[in-house]
Each structure stands twice: as C-alpha cells, then as structure tokens.
Amino acid sequence: MNEPAFRAGLVAVIGRPNVGKSTLVNRMVGYKVSIVSPKAQTTRHRILGIDTGEAGQIVFVDTPGLHAEGKRAINRYMNRAARGALADVELGALVIEAGQWREADEAAFATLEKTGLPRVLIINKVDRIRDKTELLPFIAKVSEGRGFAAVFPVSAEKGAGLDDLRRGLLDLLPASEPLFGEDEITDRSERFLVAELIREQLMRQLGAELPYATAVVIDSFKTEGKLLRIAATIYVERSGQKAIVIGAGGTRMRAIGQAARIAIERQFERKVFLELWCKVRESWSDDEAALRGFGYE
Ligand SMILES: Nc1nc2c(ncn2[C@@H]2O[C@H](COP(=O)(O)OP(=O)(O)OP(=O)(O)O)[C@@H](O)[C@H]2O)c(=O)[nH]1
C-alpha cells in the first residue's frame with residue numbers, strides 16, 4: 001500500500017464578527033497569530049495561520065468579520081480584506097455560533113456561495129449548548145440546501161472537535177507539497193504581532209466605542225541581548241479620546257502597557273521593555289493615506 005499523499009491548501013475562515021474565527025485559527029495552529037476580544041470586529045487584517053502535521057498542511061486565512069458596510073474607510077478596508085481572502089483559496093469555511101443563524105450569517109454565507117468555492121460549515125461555541133440533543137436538529141436546519149461538503153461542530157475555546165475538523169479539512173484539500181516551511185506559523189512579522197497584542201489590550205480595556213478609534217504603530221523594535229525593546233504609538237482620533245486612553249494620572253495607559261508587555265513576553269518568551277505613546281491623528285479611520293501609513297494596505 002502506498003502512503004496516503006500529503007495534502008495542503010488554503011482555507012478561508014469567514015463569518016460575521018465575534019463568532020470565534022481568530023480563536024479557532026489560533027487553536028488550530030497552536031500559537032496566537034490573531035488577537036481575540038469579546039468585542040466584535042477585533043480582527044482588522046487578513047492573517048495566515050499555518051497548521052502543519054504529518055498528513056498535511058492547512059493554511060488558514062483568518063479574516064475580519066464580514067459586517068454591514070460601514071461608512072468609514074477602515075470598514076471598507078476590513079470587508080475588502082475579508083472578501084479578498086476568498087481569492088486563491090481551495091476551500092471556504094463559514095463559522096457560525098451554535099444555536100444561531102442571524103441575518104449577518106446569511107450575508108456571510110451569500111458572500112461565500114457567490115465564489116463557487118467548495119465550502120464547509122464550522123459550528124463554534126458548542127460548549128454553550130447545555131442540551132446537546134439540540135445540536136442535531138440545528139445542524140440539519142442550517143445545512144439544508146446550502147451545499148456544505150461537511151459540517152463540524154467545535155468549541156475553539158475548549159478545544160473540542162478540532163481533530164475531526166483537521167482530518168475533515170485535509171480530506172477536502174488536494175494532494176500537494178507543503179506551501180510553507182514546517183516551522184512557519186504565520187506570514188506576519190514580529191512587529192505586526194506586537195502591534196496587534198497592544199491593540200488587543202485596547203479592545204479589552206477601553207469602553208464600547210473607543211477601541212474602534214485606535215490604531216497602533218510600532219516606532220522601534222530592537223533586540224538587545226535577551227531583551228526586546230519596543231516603542232509604540234497609539235493613535236486616536238480626538239484629544240478627548242487621548243485623555244481617556246491615558247486616564248487620570250496616566251493609570252489607564254500604564255495598565256494597558258503592563259498587560260501588553262506581559263502578553264508580548266509570553267508570546268516571544270523574552271523580557272520586554274515597552275514604551276507607549278498616545279497621539280491624535282484626526283479622523284484616521286476615514287483617511288486612506290493615514291490608513292496606509294498605519295499598515296492597512
Ligand atoms: N464559549 C465560547 N466562546 C468562544 C469560543 N470561541 C471564541 N469564543 C469567544 O468569542 C469571542 C470572539 O472571539 P474571536 O475569536 O475574537 O471572534 P472573531 O470571529 O475572530 O471576531 P472578529 O474579530 O470580530 O471577526 C471571544 O470573547 C472569544 O473568547 C468557544 O468555542 N466557546
């Protein structure tokens with residue numbers, strides 16, 4: 001008997017905001033390539049997460065959640081990044097939350113359907129469903145007539161169903177040489193990951209609206225022996241927002257910096273010295289030139 005062929009390919013992970021796409025990709029690749037927060041629209045970029053095993057290599061393309069087209073340039077950028085991720089992939093994976101099929105899920109499905117790609121459905125957060133007997137009728141209802149090649153109930157957070165998902169996705173990918181080196185985990189630079197880990201704290205520690213007005217730019221990134229020395233600027237859109245980010249006596253900014261530093265140290269396994277600044281760049285989120293300067297290209 002011949003050994004089964006090595007399989008490899010790109011899988012676009014799409015869905016409405018907050019269904020757990022980034023959590024899932026991180027869990028599959030075993031490394032935090034994409035930041036996570038309880039707020040919708042945390043992911044702003046298209047990010048690759050590469051999962052290599054003996055049987056094959058799955059290259060996940062994490063995407064910003066597809067949302068109703070906002071007016072601002074940043075929203076257009078995010079939807080473009082999500083739709084663009086569907087080009088040049090072998091497979092589209094629609095992620096939804098167990099027990100829910102909202103209008104925005106239907107819209108994400110329609111976007112995927114239009115591409116004509118083979119597609120699968122990933123039902124995430126099954127840990128939230130107490131009575132598991134509810135799951136089968138739900139699966140039947142949401143998959144009926146939608147042409148999914150397979151349906152995978154999982155819990156990205158608890159790590160349930162992920163081996164079946166890996167096997168199932170590999171079955172649907174073509175026989176191929178690996179597309180990336182065995183030890184590659186993402187296409188993104190360390191600088192990018194650091195900026196994202198700082199932004200993750202902004203998403204988590206600031207109120208409901210403010211995180212969407214922030215962007216992070218790394219000003220310098222130096223390795224000094226065992227130390228990583230980083231300076232970064234948090235951009236906001238108005239001076240009132242800057243006052244909130246800094247907080248009374250600088251307390252908020254210190255808390256953000258400390259949590260980000262710990263996250264960066266954990267991720268890079270080295271000591272980190274992090275210097276944070278906050279500056280106003282008026283209406284950056286609706287300014288194409290500012291967006292490009294901040295790395296949204
Ligand atoms: N209970 C439960 N929560 C989960 C699971 N997966 C993700 N979450 C939570 O759902 C929230 C959103 O997760 P993300 O991974 O940021 O979701 P996303 O789809 O990438 O979100 P966007 O960036 O808005 O597109 C976070 O609070 C996660 O901790 C899961 O399997 N079970």
# chains A, B, ... in the order shown; residues from 1 in each chain; ligands from 1
call {"tool": "closest_atom_pairs", "arguments": {"of": "chain A", "to": "ligand 1", "cutoff": "7 Å", "atoms": "only C-alpha atoms and all ligand atoms", "output": "tab-separated table"}}
result
residue	atom	partner	partner_atom_place_in_ligand_line	distance
A:Gly15	CA	ligand 1	19 (O)	6.7
A:Arg16	CA	ligand 1	25 (O)	6.3
A:Pro17	CA	ligand 1	24 (O)	3.5
A:Asn18	CA	ligand 1	21 (O)	3.4
A:Val19	CA	ligand 1	19 (O)	4.0
A:Gly20	CA	ligand 1	17 (O)	3.3
A:Lys21	CA	ligand 1	19 (O)	3.8
A:Ser22	CA	ligand 1	15 (O)	3.7
A:Thr23	CA	ligand 1	15 (O)	3.7
A:Leu24	CA	ligand 1	6 (N)	6.5
A:Ile35	CA	ligand 1	16 (O)	6.6
A:Val36	CA	ligand 1	16 (O)	3.7
A:Ser37	CA	ligand 1	16 (O)	4.7
A:Pro38	CA	ligand 1	27 (O)	3.4
A:Lys39	CA	ligand 1	24 (O)	6.4
A:Ala40	CA	ligand 1	24 (O)	3.7
A:Gln41	CA	ligand 1	24 (O)	3.2
A:Thr42	CA	ligand 1	23 (O)	3.6
A:Thr43	CA	ligand 1	23 (O)	3.6
A:Arg44	CA	ligand 1	23 (O)	6.9
A:Thr63	CA	ligand 1	25 (O)	6.7
A:Pro64	CA	ligand 1	25 (O)	4.5
A:Gly65	CA	ligand 1	25 (O)	3.4
A:Asn124	CA	ligand 1	31 (O)	5.3
A:Lys125	CA	ligand 1	31 (O)	3.6
A:Val126	CA	ligand 1	31 (O)	6.5
A:Asp127	CA	ligand 1	32 (N)	5.8
A:Arg128	CA	ligand 1	1 (N)	5.6
A:Val154	CA	ligand 1	31 (O)	6.7
A:Ser155	CA	ligand 1	31 (O)	3.5
A:Ala156	CA	ligand 1	31 (O)	3.9
A:Glu157	CA	ligand 1	31 (O)	4.0
A:Lys158	CA	ligand 1	31 (O)	6.0
call {"tool": "residues_around", "arguments": {"residues": "Ile256 (chain A)", "least_positions_apart": "3", "cutoff": "12 Å", "atoms": "only C-alpha atoms", "output": "PDB file with C-alpha atoms, in the first residue's frame"}}
result
ATOM      1  CA  LEU A 197      -1.020  42.460  21.082  1.00  0.00           C
ATOM      2  CA  ILE A 198      -1.096  46.125  22.130  1.00  0.00           C
ATOM      3  CA  ARG A 199      -4.311  46.649  20.155  1.00  0.00           C
ATOM      4  CA  GLU A 200      -5.783  43.602  21.863  1.00  0.00           C
ATOM      5  CA  GLN A 201      -5.423  45.379  25.202  1.00  0.00           C
ATOM      6  CA  LEU A 202      -7.097  48.476  23.766  1.00  0.00           C
ATOM      7  CA  MET A 203     -10.001  46.300  22.608  1.00  0.00           C
ATOM      8  CA  ARG A 204     -10.234  44.687  26.024  1.00  0.00           C
ATOM      9  CA  GLN A 205      -9.580  47.613  28.364  1.00  0.00           C
ATOM     10  CA  LEU A 206     -11.347  50.518  26.691  1.00  0.00           C
ATOM     11  CA  ILE A 234      -1.416  54.502  19.969  1.00  0.00           C
ATOM     12  CA  ILE A 244      -9.425  58.635  28.155  1.00  0.00           C
ATOM     13  CA  VAL A 245      -6.665  56.332  26.889  1.00  0.00           C
ATOM     14  CA  ILE A 246      -4.150  57.991  29.222  1.00  0.00           C
ATOM     15  CA  GLY A 247      -6.530  58.071  32.187  1.00  0.00           C
ATOM     16  CA  GLY A 250      -1.696  58.007  33.398  1.00  0.00           C
ATOM     17  CA  THR A 251      -3.244  54.999  35.158  1.00  0.00           C
ATOM     18  CA  ARG A 252      -5.129  53.626  32.153  1.00  0.00           C
ATOM     19  CA  MET A 253      -2.120  53.859  29.867  1.00  0.00           C
ATOM     20  CA  ALA A 259      -0.870  43.916  30.193  1.00  0.00           C
ATOM     21  CA  ALA A 260       0.522  44.262  26.671  1.00  0.00           C
ATOM     22  CA  ARG A 261       4.081  43.799  27.924  1.00  0.00           C
ATOM     23  CA  ILE A 262       3.122  40.590  29.748  1.00  0.00           C
ATOM     24  CA  ALA A 263       1.364  39.281  26.619  1.00  0.00           C
ATOM     25  CA  LEU A 274       7.694  48.601  26.224  1.00  0.00           C
ATOM     26  CA  GLU A 275       7.339  52.346  25.853  1.00  0.00           C
ATOM     27  CA  LEU A 276       3.886  53.589  24.810  1.00  0.00           C
ATOM     28  CA  TRP A 277       2.811  56.969  23.490  1.00  0.00           C
ATOM     29  CA  CYS A 278      -0.609  58.271  22.562  1.00  0.00           C
TER      30      CYS A 278
END
call {"tool": "closest_atom_pairs", "arguments": {"of": "region 142-256 of chain A", "to": "region 7-10 of chain A", "cutoff": "6 Å", "atoms": "only C-alpha atoms", "output": "tab-separated table"}}
result
residue	atom	partner	partner_atom	distance
A:Leu173	CA	A:Gly9	CA	5.8
A:Pro174	CA	A:Arg7	CA	5.5
A:Ala175	CA	A:Arg7	CA	4.2
A:Ser176	CA	A:Arg7	CA	5.0
A:Pro178	CA	A:Ala8	CA	5.7
call {"tool": "residues_around", "arguments": {"residues": "Gly295 (chain A)", "least_positions_apart": "2", "cutoff": "10 Å", "atoms": "only C-alpha atoms", "output": "number ranges by chain"}}
result
A: 45, 192, 215-217, 290-293, 297
call {"tool": "write_last_selection", "arguments": {"atoms": "C-alpha atoms", "output": "JSON list (two decimals), in the first residue's frame"}}
result
[["chain", "number", "residue", "atom", "x", "y", "z"],
["A", 45, "HIS", "CA", -6.41, 42.23, 8.73],
["A", 192, "PHE", "CA", 2.94, 43.24, 13.38],
["A", 215, "ALA", "CA", -4.61, 52.18, 15.83],
["A", 216, "VAL", "CA", -1.14, 51.08, 16.91],
["A", 217, "VAL", "CA", 2.13, 51.80, 15.13],
["A", 290, "ALA", "CA", -3.43, 57.58, 7.25],
["A", 291, "LEU", "CA", -4.70, 54.01, 6.95],
["A", 292, "ARG", "CA", -1.84, 53.10, 4.62],
["A", 293, "GLY", "CA", 0.64, 54.73, 7.00],
["A", 297, "GLU", "CA", -2.95, 48.24, 2.85]]
call {"tool": "select_by_dssp", "arguments": {"residues": "region 93-180 of chain A", "states": "strand (DSSP E or B)", "output": "ChimeraX atom specification"}}
result
/A:93-97,119-124,150-153,155,160,175
call {"tool": "closest_residue", "arguments": {"among": "A:Ala68, A:Ala55, A:Val33, A:Leu94", "to": "Ala195 (chain A)", "atoms": "only C-alpha atoms"}}
result
A:Val33
call {"tool": "select_by_dssp", "arguments": {"residues": "region 84-231 of chain A", "states": "alpha helix (DSSP H)", "output": "JSON list (two decimals) with N, CA and C atoms, in the first residue's frame"}}
result
[["chain", "number", "residue", "atom", "x", "y", "z"],
["A", 84, "GLY", "N", -11.36, 39.58, -0.07],
["A", 84, "GLY", "CA", -10.13, 39.28, -0.81],
["A", 84, "GLY", "C", -9.54, 37.95, -0.39],
["A", 103, "GLU", "N", -29.10, 37.24, 10.41],
["A", 103, "GLU", "CA", -29.06, 37.86, 9.09],
["A", 103, "GLU", "C", -27.61, 38.01, 8.60],
["A", 104, "ALA", "N", -26.72, 38.39, 9.54],
["A", 104, "ALA", "CA", -25.32, 38.60, 9.16],
["A", 104, "ALA", "C", -24.64, 37.27, 8.80],
["A", 105, "ASP", "N", -25.15, 36.16, 9.37],
["A", 105, "ASP", "CA", -24.62, 34.84, 8.97],
["A", 105, "ASP", "C", -25.07, 34.52, 7.55],
["A", 106, "GLU", "N", -26.33, 34.84, 7.28],
["A", 106, "GLU", "CA", -26.88, 34.62, 5.93],
["A", 106, "GLU", "C", -26.07, 35.43, 4.91],
["A", 107, "ALA", "N", -25.73, 36.68, 5.27],
["A", 107, "ALA", "CA", -24.97, 37.54, 4.36],
["A", 107, "ALA", "C", -23.56, 36.97, 4.14],
["A", 108, "ALA", "N", -22.94, 36.47, 5.20],
["A", 108, "ALA", "CA", -21.59, 35.89, 5.06],
["A", 108, "ALA", "C", -21.68, 34.63, 4.18],
["A", 109, "PHE", "N", -22.75, 33.84, 4.40],
["A", 109, "PHE", "CA", -22.94, 32.65, 3.57],
["A", 109, "PHE", "C", -23.09, 33.04, 2.09],
["A", 110, "ALA", "N", -23.87, 34.09, 1.84],
["A", 110, "ALA", "CA", -24.11, 34.52, 0.45],
["A", 110, "ALA", "C", -22.79, 34.94, -0.22],
["A", 111, "THR", "N", -21.94, 35.62, 0.55],
["A", 111, "THR", "CA", -20.63, 36.02, 0.01],
["A", 111, "THR", "C", -19.81, 34.80, -0.37],
["A", 112, "LEU", "N", -19.85, 33.80, 0.50],
["A", 112, "LEU", "CA", -19.10, 32.57, 0.24],
["A", 112, "LEU", "C", -19.69, 31.81, -0.95],
["A", 113, "GLU", "N", -21.00, 31.73, -0.98],
["A", 113, "GLU", "CA", -21.68, 30.98, -2.04],
["A", 113, "GLU", "C", -21.34, 31.55, -3.42],
["A", 114, "LYS", "N", -21.29, 32.88, -3.47],
["A", 114, "LYS", "CA", -21.01, 33.56, -4.73],
["A", 114, "LYS", "C", -19.66, 33.18, -5.34],
["A", 115, "THR", "N", -18.72, 32.80, -4.49],
["A", 115, "THR", "CA", -17.38, 32.48, -5.00],
["A", 115, "THR", "C", -17.37, 31.15, -5.75],
["A", 135, "LEU", "N", -28.39, 19.97, 19.21],
["A", 135, "LEU", "CA", -27.41, 20.25, 18.18],
["A", 135, "LEU", "C", -27.76, 19.62, 16.83],
["A", 136, "LEU", "N", -28.24, 18.36, 16.87],
["A", 136, "LEU", "CA", -28.53, 17.66, 15.61],
["A", 136, "LEU", "C", -29.59, 18.36, 14.77],
["A", 137, "PRO", "N", -30.75, 18.69, 15.39],
["A", 137, "PRO", "CA", -31.73, 19.42, 14.58],
["A", 137, "PRO", "C", -31.22, 20.77, 14.09],
["A", 138, "PHE", "N", -30.38, 21.42, 14.90],
["A", 138, "PHE", "CA", -29.82, 22.71, 14.46],
["A", 138, "PHE", "C", -28.93, 22.51, 13.24],
["A", 139, "ILE", "N", -28.07, 21.48, 13.30],
["A", 139, "ILE", "CA", -27.17, 21.19, 12.17],
["A", 139, "ILE", "C", -28.00, 20.91, 10.91],
["A", 140, "ALA", "N", -29.07, 20.11, 11.09],
["A", 140, "ALA", "CA", -29.91, 19.77, 9.93],
["A", 140, "ALA", "C", -30.53, 21.03, 9.34],
["A", 141, "LYS", "N", -30.99, 21.91, 10.23],
["A", 141, "LYS", "CA", -31.69, 23.11, 9.76],
["A", 141, "LYS", "C", -30.75, 24.05, 8.99],
["A", 142, "VAL", "N", -29.57, 24.31, 9.57],
["A", 142, "VAL", "CA", -28.70, 25.31, 8.93],
["A", 142, "VAL", "C", -27.96, 24.76, 7.71],
["A", 143, "SER", "N", -27.83, 23.44, 7.63],
["A", 143, "SER", "CA", -27.06, 22.93, 6.49],
["A", 143, "SER", "C", -27.95, 22.57, 5.31],
["A", 162, "LEU", "N", -11.70, 19.48, 17.32],
["A", 162, "LEU", "CA", -10.69, 20.06, 16.41],
["A", 162, "LEU", "C", -9.91, 19.01, 15.62],
["A", 163, "ASP", "N", -9.73, 17.82, 16.21],
["A", 163, "ASP", "CA", -9.05, 16.76, 15.44],
["A", 163, "ASP", "C", -9.91, 16.33, 14.26],
["A", 164, "ASP", "N", -11.21, 16.20, 14.50],
["A", 164, "ASP", "CA", -12.12, 15.85, 13.40],
["A", 164, "ASP", "C", -12.12, 16.94, 12.34],
["A", 165, "LEU", "N", -12.08, 18.18, 12.80],
["A", 165, "LEU", "CA", -12.05, 19.30, 11.85],
["A", 165, "LEU", "C", -10.78, 19.22, 11.00],
["A", 166, "ARG", "N", -9.64, 18.99, 11.65],
["A", 166, "ARG", "CA", -8.36, 18.92, 10.91],
["A", 166, "ARG", "C", -8.42, 17.81, 9.86],
["A", 167, "ARG", "N", -8.87, 16.63, 10.28],
["A", 167, "ARG", "CA", -8.96, 15.50, 9.34],
["A", 167, "ARG", "C", -9.92, 15.81, 8.20],
["A", 168, "GLY", "N", -11.06, 16.39, 8.56],
["A", 168, "GLY", "CA", -12.09, 16.68, 7.56],
["A", 168, "GLY", "C", -11.62, 17.70, 6.54],
["A", 169, "LEU", "N", -10.92, 18.73, 7.01],
["A", 169, "LEU", "CA", -10.43, 19.75, 6.07],
["A", 169, "LEU", "C", -9.36, 19.16, 5.16],
["A", 170, "LEU", "N", -8.46, 18.36, 5.75],
["A", 170, "LEU", "CA", -7.39, 17.76, 4.93],
["A", 170, "LEU", "C", -7.98, 16.88, 3.83],
["A", 171, "ASP", "N", -9.06, 16.15, 4.17],
["A", 171, "ASP", "CA", -9.71, 15.29, 3.17],
["A", 171, "ASP", "C", -10.18, 16.10, 1.96],
["A", 172, "LEU", "N", -10.50, 17.36, 2.20],
["A", 172, "LEU", "CA", -11.05, 18.19, 1.12],
["A", 172, "LEU", "C", -9.97, 19.00, 0.39],
["A", 190, "GLU", "N", 7.08, 39.89, 13.35],
["A", 190, "GLU", "CA", 7.03, 40.06, 14.81],
["A", 190, "GLU", "C", 6.52, 41.46, 15.16],
["A", 191, "ARG", "N", 6.93, 42.44, 14.40],
["A", 191, "ARG", "CA", 6.46, 43.82, 14.65],
["A", 191, "ARG", "C", 4.94, 43.89, 14.57],
["A", 192, "PHE", "N", 4.39, 43.24, 13.55],
["A", 192, "PHE", "CA", 2.94, 43.24, 13.38],
["A", 192, "PHE", "C", 2.27, 42.57, 14.58],
["A", 193, "LEU", "N", 2.79, 41.42, 14.99],
["A", 193, "LEU", "CA", 2.18, 40.70, 16.11],
["A", 193, "LEU", "C", 2.22, 41.54, 17.38],
["A", 194, "VAL", "N", 3.32, 42.26, 17.59],
["A", 194, "VAL", "CA", 3.44, 43.12, 18.77],
["A", 194, "VAL", "C", 2.39, 44.24, 18.72],
["A", 195, "ALA", "N", 2.26, 44.88, 17.56],
["A", 195, "ALA", "CA", 1.26, 45.95, 17.43],
["A", 195, "ALA", "C", -0.14, 45.39, 17.73],
["A", 196, "GLU", "N", -0.40, 44.19, 17.27],
["A", 196, "GLU", "CA", -1.70, 43.57, 17.50],
["A", 196, "GLU", "C", -1.91, 43.23, 18.98],
["A", 197, "LEU", "N", -0.87, 42.78, 19.66],
["A", 197, "LEU", "CA", -1.02, 42.46, 21.08],
["A", 197, "LEU", "C", -1.31, 43.72, 21.90],
["A", 198, "ILE", "N", -0.77, 44.85, 21.46],
["A", 198, "ILE", "CA", -1.10, 46.12, 22.13],
["A", 198, "ILE", "C", -2.56, 46.49, 21.81],
["A", 199, "ARG", "N", -2.93, 46.33, 20.55],
["A", 199, "ARG", "CA", -4.31, 46.65, 20.16],
["A", 199, "ARG", "C", -5.32, 45.75, 20.88],
["A", 200, "GLU", "N", -4.90, 44.52, 21.13],
["A", 200, "GLU", "CA", -5.78, 43.60, 21.86],
["A", 200, "GLU", "C", -6.13, 44.19, 23.24],
["A", 201, "GLN", "N", -5.15, 44.77, 23.89],
["A", 201, "GLN", "CA", -5.42, 45.38, 25.20],
["A", 201, "GLN", "C", -6.34, 46.59, 25.07],
["A", 202, "LEU", "N", -6.20, 47.33, 23.98],
["A", 202, "LEU", "CA", -7.10, 48.48, 23.77],
["A", 202, "LEU", "C", -8.52, 47.97, 23.58],
["A", 203, "MET", "N", -8.67, 46.89, 22.81],
["A", 203, "MET", "CA", -10.00, 46.30, 22.61],
["A", 203, "MET", "C", -10.58, 45.85, 23.94],
["A", 204, "ARG", "N", -9.73, 45.28, 24.78],
["A", 204, "ARG", "CA", -10.23, 44.69, 26.02],
["A", 204, "ARG", "C", -10.44, 45.71, 27.13],
["A", 205, "GLN", "N", -9.56, 46.73, 27.19],
["A", 205, "GLN", "CA", -9.58, 47.61, 28.36],
["A", 205, "GLN", "C", -10.33, 48.92, 28.15]]
call {"tool": "atom_distance", "arguments": {"atom1": "CA of Gly92 (chain A)", "atom2": "CA of Leu121 (chain A)"}}
result
8.6 Å
call {"tool": "atom_distance", "arguments": {"atom1": "CA of Ala255 (chain A)", "atom2": "CA of Tyr235 (chain A)"}}
result
17.0 Å
call {"tool": "residues_around", "arguments": {"residues": "Thr52 (chain A)", "least_positions_apart": "4", "cutoff": "8 Å", "atoms": "only C-alpha atoms", "output": "MDAnalysis selection string"}}
result
chainID A and resid 29 56:58 182
call {"tool": "closest_residue", "arguments": {"among": "A:Phe180, A:Arg46, A:Ala149, A:Ser285", "to": "Tyr212 (chain A)", "atoms": "only C-alpha atoms"}}
result
A:Ser285
call {"tool": "decode", "arguments": {"residues": "region 64-156 of chain A", "atoms": "C-alpha atoms", "output": "compact mmCIF listing (two decimals), in the first residue's frame"}}
result
# COMPACT_ATOMS: atom_id res chain seq x y z
CA PRO A 64 -12.10 40.38 9.63
CA GLY A 65 -15.74 39.57 10.37
CA LEU A 66 -17.94 40.48 7.41
CA HIS A 67 -20.20 43.28 8.58
CA ALA A 68 -22.74 45.64 7.06
CA GLU A 69 -20.69 48.11 5.05
CA GLY A 70 -19.72 50.97 7.38
CA LYS A 71 -19.23 54.41 6.04
CA ARG A 72 -15.61 54.78 7.10
CA ALA A 73 -12.56 53.78 5.08
CA ILE A 74 -11.46 51.31 7.79
CA ASN A 75 -14.72 49.37 7.41
CA ARG A 76 -14.32 49.23 3.66
CA TYR A 77 -10.74 48.05 4.18
CA MET A 78 -11.89 45.30 6.57
CA ASN A 79 -14.62 43.99 4.29
CA ARG A 80 -12.22 44.12 1.36
CA ALA A 81 -9.68 42.10 3.33
CA ALA A 82 -12.36 39.53 4.19
CA ARG A 83 -13.66 39.21 0.64
CA GLY A 84 -10.13 39.28 -0.81
CA ALA A 85 -9.24 36.32 1.37
CA LEU A 86 -11.63 34.23 -0.69
CA ALA A 87 -9.46 34.59 -3.78
CA ASP A 88 -6.87 31.88 -4.35
CA VAL A 89 -8.06 29.51 -1.65
CA GLU A 90 -9.10 25.89 -2.08
CA LEU A 91 -11.88 25.92 0.46
CA GLY A 92 -14.17 28.35 2.27
CA ALA A 93 -15.10 27.68 5.89
CA LEU A 94 -18.11 29.56 7.22
CA VAL A 95 -18.01 29.89 11.01
CA ILE A 96 -21.24 30.41 12.96
CA GLU A 97 -22.21 30.18 16.62
CA ALA A 98 -24.06 27.12 17.85
CA GLY A 99 -27.79 27.75 18.02
CA GLN A 100 -27.72 30.93 15.93
CA TRP A 101 -28.24 31.83 12.30
CA ARG A 102 -28.61 35.58 12.05
CA GLU A 103 -29.06 37.86 9.09
CA ALA A 104 -25.32 38.60 9.16
CA ASP A 105 -24.62 34.84 8.97
CA GLU A 106 -26.88 34.62 5.93
CA ALA A 107 -24.97 37.54 4.36
CA ALA A 108 -21.59 35.89 5.06
CA PHE A 109 -22.94 32.65 3.57
CA ALA A 110 -24.11 34.52 0.45
CA THR A 111 -20.63 36.02 0.01
CA LEU A 112 -19.10 32.57 0.24
CA GLU A 113 -21.68 30.98 -2.04
CA LYS A 114 -21.01 33.56 -4.73
CA THR A 115 -17.38 32.48 -5.00
CA GLY A 116 -18.40 28.98 -6.09
CA LEU A 117 -15.71 27.53 -3.79
CA PRO A 118 -16.25 24.20 -2.09
CA ARG A 119 -17.46 25.09 1.38
CA VAL A 120 -17.78 23.69 4.86
CA LEU A 121 -19.68 24.86 7.91
CA ILE A 122 -17.98 25.17 11.30
CA ILE A 123 -20.41 25.48 14.19
CA ASN A 124 -18.38 27.02 17.02
CA LYS A 125 -19.10 27.54 20.72
CA VAL A 126 -20.93 24.22 21.13
CA ASP A 127 -19.78 24.35 24.77
CA ARG A 128 -22.57 26.91 25.25
CA ILE A 129 -25.26 24.42 24.33
CA ARG A 130 -26.21 22.62 27.53
CA ASP A 131 -28.58 20.14 25.96
CA LYS A 132 -26.51 18.51 23.20
CA THR A 133 -29.60 16.89 21.70
CA GLU A 134 -30.49 20.35 20.37
CA LEU A 135 -27.41 20.25 18.18
CA LEU A 136 -28.53 17.66 15.61
CA PRO A 137 -31.73 19.42 14.58
CA PHE A 138 -29.82 22.71 14.46
CA ILE A 139 -27.17 21.19 12.17
CA ALA A 140 -29.91 19.77 9.93
CA LYS A 141 -31.69 23.11 9.76
CA VAL A 142 -28.70 25.31 8.93
CA SER A 143 -27.06 22.93 6.49
CA GLU A 144 -30.16 22.04 4.49
CA GLY A 145 -29.89 23.14 0.88
CA ARG A 146 -26.70 25.13 1.46
CA GLY A 147 -24.29 22.75 -0.21
CA PHE A 148 -21.73 22.30 2.57
CA ALA A 149 -19.28 19.47 1.85
CA ALA A 150 -19.07 18.84 5.60
CA VAL A 151 -20.27 20.26 8.92
CA PHE A 152 -18.07 20.39 12.02
CA PRO A 153 -19.42 21.19 15.49
CA VAL A 154 -16.49 22.50 17.58
CA SER A 155 -15.55 24.53 20.60
CA ALA A 156 -12.47 26.55 19.69
